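Structure file input.pdb with PDB, C-alpha atoms:
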```
ATOM      1  CA  MET A   9      -2.277  11.507  -2.010
ATOM      2  CA  ASP A  10      -1.237   9.993  -5.322
ATOM      3  CA  PHE A  11       0.875   6.999  -4.282
ATOM      4  CA  GLU A  12       2.060   6.394  -7.858
ATOM      5  CA  ARG A  13       3.969   9.709  -7.824
ATOM      6  CA  TYR A  14       6.165   8.554  -4.972
ATOM      7  CA  VAL A  15       7.151   5.165  -6.349
ATOM      8  CA  GLU A  16      10.837   4.891  -7.146
ATOM      9  CA  GLY A  17      11.679   5.799 -10.725
ATOM     10  CA  GLY A  18       8.101   6.757 -11.586
ATOM     11  CA  ARG A  19       7.172   3.132 -12.274
ATOM     12  CA  PRO A  20       3.602   1.997 -11.691
ATOM     13  CA  ALA A  21       3.309   0.707  -8.118
ATOM     14  CA  TRP A  22       2.106  -2.763  -9.085
ATOM     15  CA  THR A  23       4.936  -3.160 -11.600
ATOM     16  CA  TRP A  24       7.369  -2.393  -8.794
ATOM     17  CA  PHE A  25       5.522  -4.870  -6.552
ATOM     18  CA  GLN A  26       6.023  -7.606  -9.148
ATOM     19  CA  GLU A  27       9.700  -6.733  -9.597
ATOM     20  CA  LEU A  28      10.423  -6.868  -5.849
ATOM     21  CA  LEU A  29       8.289  -9.883  -4.920
ATOM     22  CA  GLY A  30       8.408 -11.797  -8.185
ATOM     23  CA  VAL A  31       4.665 -12.364  -8.399
ATOM     24  CA  MET A  32       1.499 -10.365  -8.963
ATOM     25  CA  PRO A  33      -1.649 -10.891  -6.880
ATOM     26  CA  PRO A  34      -4.843 -11.794  -8.752
ATOM     27  CA  SER A  35      -7.056  -8.771  -9.396
ATOM     28  CA  ASP A  36      -9.718  -9.934  -6.906
ATOM     29  CA  TYR A  37      -7.088  -9.657  -4.117
ATOM     30  CA  ILE A  38      -6.176  -6.061  -5.016
ATOM     31  CA  ASP A  39      -8.021  -2.918  -3.948
ATOM     32  CA  LYS A  40      -6.324   0.324  -5.053
ATOM     33  CA  PHE A  41      -2.929   0.068  -3.300
ATOM     34  CA  THR A  42      -3.708  -2.764  -0.920
ATOM     35  CA  VAL A  43      -3.504  -6.517  -1.217
ATOM     36  CA  LYS A  44      -5.321  -9.059   0.920
ATOM     37  CA  CYS A  45      -3.154 -10.521   3.670
ATOM     38  CA  THR A  46      -4.583 -13.982   2.980
ATOM     39  CA  TRP A  47      -3.001 -13.964  -0.478
ATOM     40  CA  MET A  48       0.334 -12.833   0.960
ATOM     41  CA  GLN A  49       0.209 -15.594   3.571
ATOM     42  CA  GLN A  50      -0.728 -18.264   1.038
ATOM     43  CA  THR A  51       1.934 -17.144  -1.408
ATOM     44  CA  PHE A  52       4.843 -16.560   0.949
ATOM     45  CA  THR A  53       4.285 -19.007   3.809
ATOM     46  CA  HIS A  54       6.740 -21.715   2.826
ATOM     47  CA  LEU A  55      10.080 -20.918   1.247
ATOM     48  CA  PRO A  56      10.780 -23.559  -1.411
ATOM     49  CA  GLU A  57      13.552 -25.968  -0.509
ATOM     50  CA  GLY A  58      16.773 -25.129  -2.290
ATOM     51  CA  ALA A  59      15.568 -21.603  -3.103
ATOM     52  CA  ASP A  60      18.091 -19.318  -4.734
ATOM     53  CA  GLU A  61      19.220 -16.085  -3.089
ATOM     54  CA  GLU A  62      16.803 -13.887  -5.050
ATOM     55  CA  THR A  63      13.831 -16.007  -3.916
ATOM     56  CA  VAL A  64      14.986 -15.749  -0.297
ATOM     57  CA  TRP A  65      15.165 -11.946  -0.658
ATOM     58  CA  ARG A  66      11.628 -11.886  -2.101
ATOM     59  CA  TYR A  67      10.245 -13.931   0.775
ATOM     60  CA  ALA A  68      12.082 -11.702   3.265
ATOM     61  CA  ARG A  69      10.569  -8.600   1.652
ATOM     62  CA  ALA A  70       7.079 -10.103   1.794
ATOM     63  CA  TYR A  71       7.521 -11.129   5.433
ATOM     64  CA  ILE A  72       8.764  -7.690   6.478
ATOM     65  CA  MET A  73       5.934  -6.000   4.597
ATOM     66  CA  MET A  74       3.468  -8.231   6.449
ATOM     67  CA  LEU A  75       5.054  -7.367   9.810
ATOM     68  CA  LEU A  76       4.957  -3.663   9.083
ATOM     69  CA  SER A  77       1.356  -3.765   7.875
ATOM     70  CA  THR A  78      -0.091  -6.079  10.511
ATOM     71  CA  GLN A  79       2.004  -5.422  13.626
ATOM     72  CA  LEU A  80       3.600  -1.987  13.712
ATOM     73  CA  PHE A  81       1.418   0.058  11.381
ATOM     74  CA  ASP A  82      -1.801  -1.909  11.152
ATOM     75  CA  ASP A  83      -5.146  -0.512  10.156
ATOM     76  CA  LYS A  84      -8.625  -1.285  11.401
ATOM     77  CA  SER A  85      -9.326  -3.981   8.851
ATOM     78  CA  GLY A  86      -6.417  -6.225   9.730
ATOM     79  CA  THR A  87      -7.073  -8.030   6.459
ATOM     80  CA  ARG A  88      -5.326  -5.808   3.931
ATOM     81  CA  MET A  89      -1.725  -4.759   3.467
ATOM     82  CA  HIS A  90      -0.810  -1.434   1.868
ATOM     83  CA  ILE A  91       2.020  -1.564  -0.640
ATOM     84  CA  ARG A  92       3.477   1.704   0.688
ATOM     85  CA  TRP A  93       6.101  -0.490   2.355
ATOM     86  CA  LEU A  94       7.691  -1.352  -0.985
ATOM     87  CA  SER A  95      10.088   1.569  -0.747
ATOM     88  CA  TYR A  96      11.338   0.340   2.643
ATOM     89  CA  VAL A  97      11.897  -3.274   1.609
ATOM     90  CA  ALA A  98      13.375  -2.492  -1.808
ATOM     91  CA  ARG A  99      16.826  -2.259  -0.204
ATOM     92  CA  LEU A 100      16.781  -4.598   2.771
ATOM     93  CA  GLU A 101      20.303  -3.565   3.728
ATOM     94  CA  ASP A 102      18.935  -0.098   4.616
ATOM     95  CA  MET A 103      16.232  -1.420   6.989
ATOM     96  CA  GLY A 104      18.463  -1.048  10.052
ATOM     97  CA  SER A 105      19.057   2.637   9.419
ATOM     98  CA  TYR A 106      15.397   3.591   9.909
ATOM     99  CA  SER A 107      14.084   4.614  13.315
ATOM    100  CA  TRP A 108      11.290   2.036  13.488
ATOM    101  CA  GLY A 109      10.665   2.604  17.202
ATOM    102  CA  SER A 110      10.085   6.315  16.690
ATOM    103  CA  ALA A 111       7.868   5.648  13.700
ATOM    104  CA  ALA A 112       5.768   3.068  15.584
ATOM    105  CA  LEU A 113       5.408   5.384  18.580
ATOM    106  CA  SER A 114       4.377   8.273  16.310
ATOM    107  CA  TRP A 115       1.845   6.009  14.602
ATOM    108  CA  LEU A 116       0.449   4.961  18.000
ATOM    109  CA  TYR A 117       0.100   8.606  19.073
ATOM    110  CA  ARG A 118      -1.637   9.438  15.801
ATOM    111  CA  CYS A 119      -4.033   6.524  16.286
ATOM    112  CA  LEU A 120      -4.758   7.536  19.897
ATOM    113  CA  CYS A 121      -5.528  11.098  18.784
ATOM    114  CA  HIS A 122      -7.780   9.768  16.042
ATOM    115  CA  VAL A 123      -9.742   7.520  18.418
ATOM    116  CA  ALA A 124     -10.428  10.529  20.661
ATOM    117  CA  ASN A 125     -12.996  11.570  18.022
ATOM    118  CA  LYS A 126     -16.430  10.604  19.369
ATOM    119  CA  ASN A 127     -17.435   9.069  16.012
ATOM    120  CA  VAL A 128     -14.516   6.604  15.966
ATOM    121  CA  VAL A 129     -15.437   3.264  17.505
ATOM    122  CA  LYS A 130     -12.388   1.099  16.825
ATOM    123  CA  LEU A 131      -8.774   1.678  17.850
ATOM    124  CA  GLU A 132      -5.957   0.899  15.453
ATOM    125  CA  GLY A 133      -2.181   0.993  15.687
ATOM    126  CA  PRO A 134       0.572  -0.922  17.478
ATOM    127  CA  LEU A 135      -1.595  -1.763  20.471
ATOM    128  CA  GLN A 136       0.976  -4.179  21.889
ATOM    129  CA  LEU A 137       3.116  -1.091  22.660
ATOM    130  CA  LEU A 138       0.234   0.529  24.495
ATOM    131  CA  GLN A 139      -0.518  -2.691  26.356
ATOM    132  CA  SER A 140       3.111  -3.110  27.413
ATOM    133  CA  TRP A 141       3.254   0.482  28.658
ATOM    134  CA  ILE A 142       0.044  -0.035  30.652
ATOM    135  CA  PHE A 143       1.422  -3.195  32.261
ATOM    136  CA  TRP A 144       4.632  -1.448  33.318
ATOM    137  CA  ARG A 145       3.007   1.760  34.563
ATOM    138  CA  PHE A 146      -0.230   0.440  36.123
ATOM    139  CA  LEU A 147       0.567  -2.567  38.276
ATOM    140  CA  GLY A 148      -3.109  -3.367  38.870
ATOM    141  CA  PHE A 149      -3.533  -4.220  35.193
ATOM    142  CA  ARG A 150      -0.411  -6.380  35.030
ATOM    143  CA  PRO A 151      -1.179 -10.087  34.514
ATOM    144  CA  ASP A 152       0.398 -12.740  36.732
ATOM    145  CA  GLY A 153       3.827 -13.764  35.523
ATOM    146  CA  PHE A 154       4.360 -10.602  33.482
ATOM    147  CA  ASP A 155       7.841 -10.109  34.979
ATOM    148  CA  SER A 156       9.074 -13.594  34.086
ATOM    149  CA  PHE A 157      10.391 -14.345  30.637
ATOM    150  CA  HIS A 158      10.044 -17.738  28.996
ATOM    151  CA  TRP A 159      11.957 -18.851  25.940
ATOM    152  CA  PRO A 160      10.452 -22.277  25.142
ATOM    153  CA  LEU A 161      12.348 -22.885  21.911
ATOM    154  CA  ALA A 162      15.693 -21.784  23.346
ATOM    155  CA  SER A 163      15.075 -23.730  26.557
ATOM    156  CA  ARG A 164      14.496 -26.912  24.593
ATOM    157  CA  TYR A 165      18.101 -26.808  23.395
ATOM    158  CA  GLY A 166      19.580 -26.012  26.807
ATOM    159  CA  TYR A 167      20.681 -22.445  26.126
TER
END
```
Taking this structure as input, can you express it in the form of structure tokens?
Amino acid sequence: MDFERYVEGGRPAWTWFQELLGVMPPSDYIDKFTVKCTWMQQTFTHLPEGADEETVWRYARAYIMMLLSTQLFDDKSGTRMHIRWLSYVARLEDMGSYSWGSAALSWLYRCLCHVANKNVVKLEGPLQLLQSWIFWRFLGFRPDGFDSFHWPLASRYGY
């Protein structure tokens, strides 16, 4: 699939990346349409004090892209982030209108079907969903204390 064809307005994907995140990764951190997660983490870890609203939006976009790429729709490498998520973070106000649960579940099913191939040796996808389902449905696999919820940060403030 030619990713460039689907980028909003027909702009080159990396131009759009720079417009939305305000910075361009060095070429040694780019591979086709992926960027190394280490660069994203180094670049967007600490929001500058007194940042303007546009900078906050850029950091939010980067953070959401990282979550989508590494938690919900991760790949086997776990080290690269695909920039396909640009279209979803371009308008952050629309993020709540997407059915992320359905998408993550569909991705998990796709990954489970893919791993059924005898040549595939590594499972990918939102495995925390699979693990949670296993713990609820198969009590023998459930770890001790699974039913109790702890909120250490909230508890510290007496809430």
> In Å, how far is it from atom CA of Ala124 of chain A to atom CA of Ser140 of chain A?
Replying inline: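 For atom CA of Ala124 of chain A relative to atom CA of Ser140 of chain A, the distance reads 20.4 Å.
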>> Assuming the chain letters and numbering stay as they are in my file, what does the PyMOL selection byres ((chain A and resi 108) around 12) actually select? List them as JSON, numbers by chain.
In response: {"A": [75, 76, 79, 80, 81, 96, 102, 103, 104, 105, 106, 107, 109, 110, 111, 112, 113, 114, 115, 134]}
Would you save the residues from that selection as a tab-separated table (two decimals), in the coordinates of the input, using C-alpha atoms?
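For reference, again-v6.tsv as written:
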```
chain	number	residue	atom	x	y	z
A	75	LEU	CA	5.05	-7.37	9.81
A	76	LEU	CA	4.96	-3.66	9.08
A	79	GLN	CA	2.00	-5.42	13.63
A	80	LEU	CA	3.60	-1.99	13.71
A	81	PHE	CA	1.42	0.06	11.38
A	96	TYR	CA	11.34	0.34	2.64
A	102	ASP	CA	18.93	-0.10	4.62
A	103	MET	CA	16.23	-1.42	6.99
A	104	GLY	CA	18.46	-1.05	10.05
A	105	SER	CA	19.06	2.64	9.42
A	106	TYR	CA	15.40	3.59	9.91
A	107	SER	CA	14.08	4.61	13.32
A	109	GLY	CA	10.66	2.60	17.20
A	110	SER	CA	10.09	6.32	16.69
A	111	ALA	CA	7.87	5.65	13.70
A	112	ALA	CA	5.77	3.07	15.58
A	113	LEU	CA	5.41	5.38	18.58
A	114	SER	CA	4.38	8.27	16.31
A	115	TRP	CA	1.84	6.01	14.60
A	134	PRO	CA	0.57	-0.92	17.48
```
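Between atom CA of Ile38 of chain A and atom CA of Val123 of chain A the separation is 27.3 Å.
When atom CA of Trp141 of chain A is paired with atom CA of Met73 of chain A, their separation reads 25.1 Å.
Residue neighbourhood of Ala98 of chain A, excluding near-sequence residues (fewer than 3 positions): Leu28, Arg69, Leu94 and Ser95 of chain A, at 8 Å, using all atoms listed in the file.
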>> Going by the chain IDs and residue numbers used in this file, which residues fall under the PyMOL selection byres ((chain A and resi 40-49) around 12)? Write them as a PyMOL selection string.
In response: chain A and resi 9-12+15+20-25+29+31-39+50-55+66-67+69-78+82-83+85-94
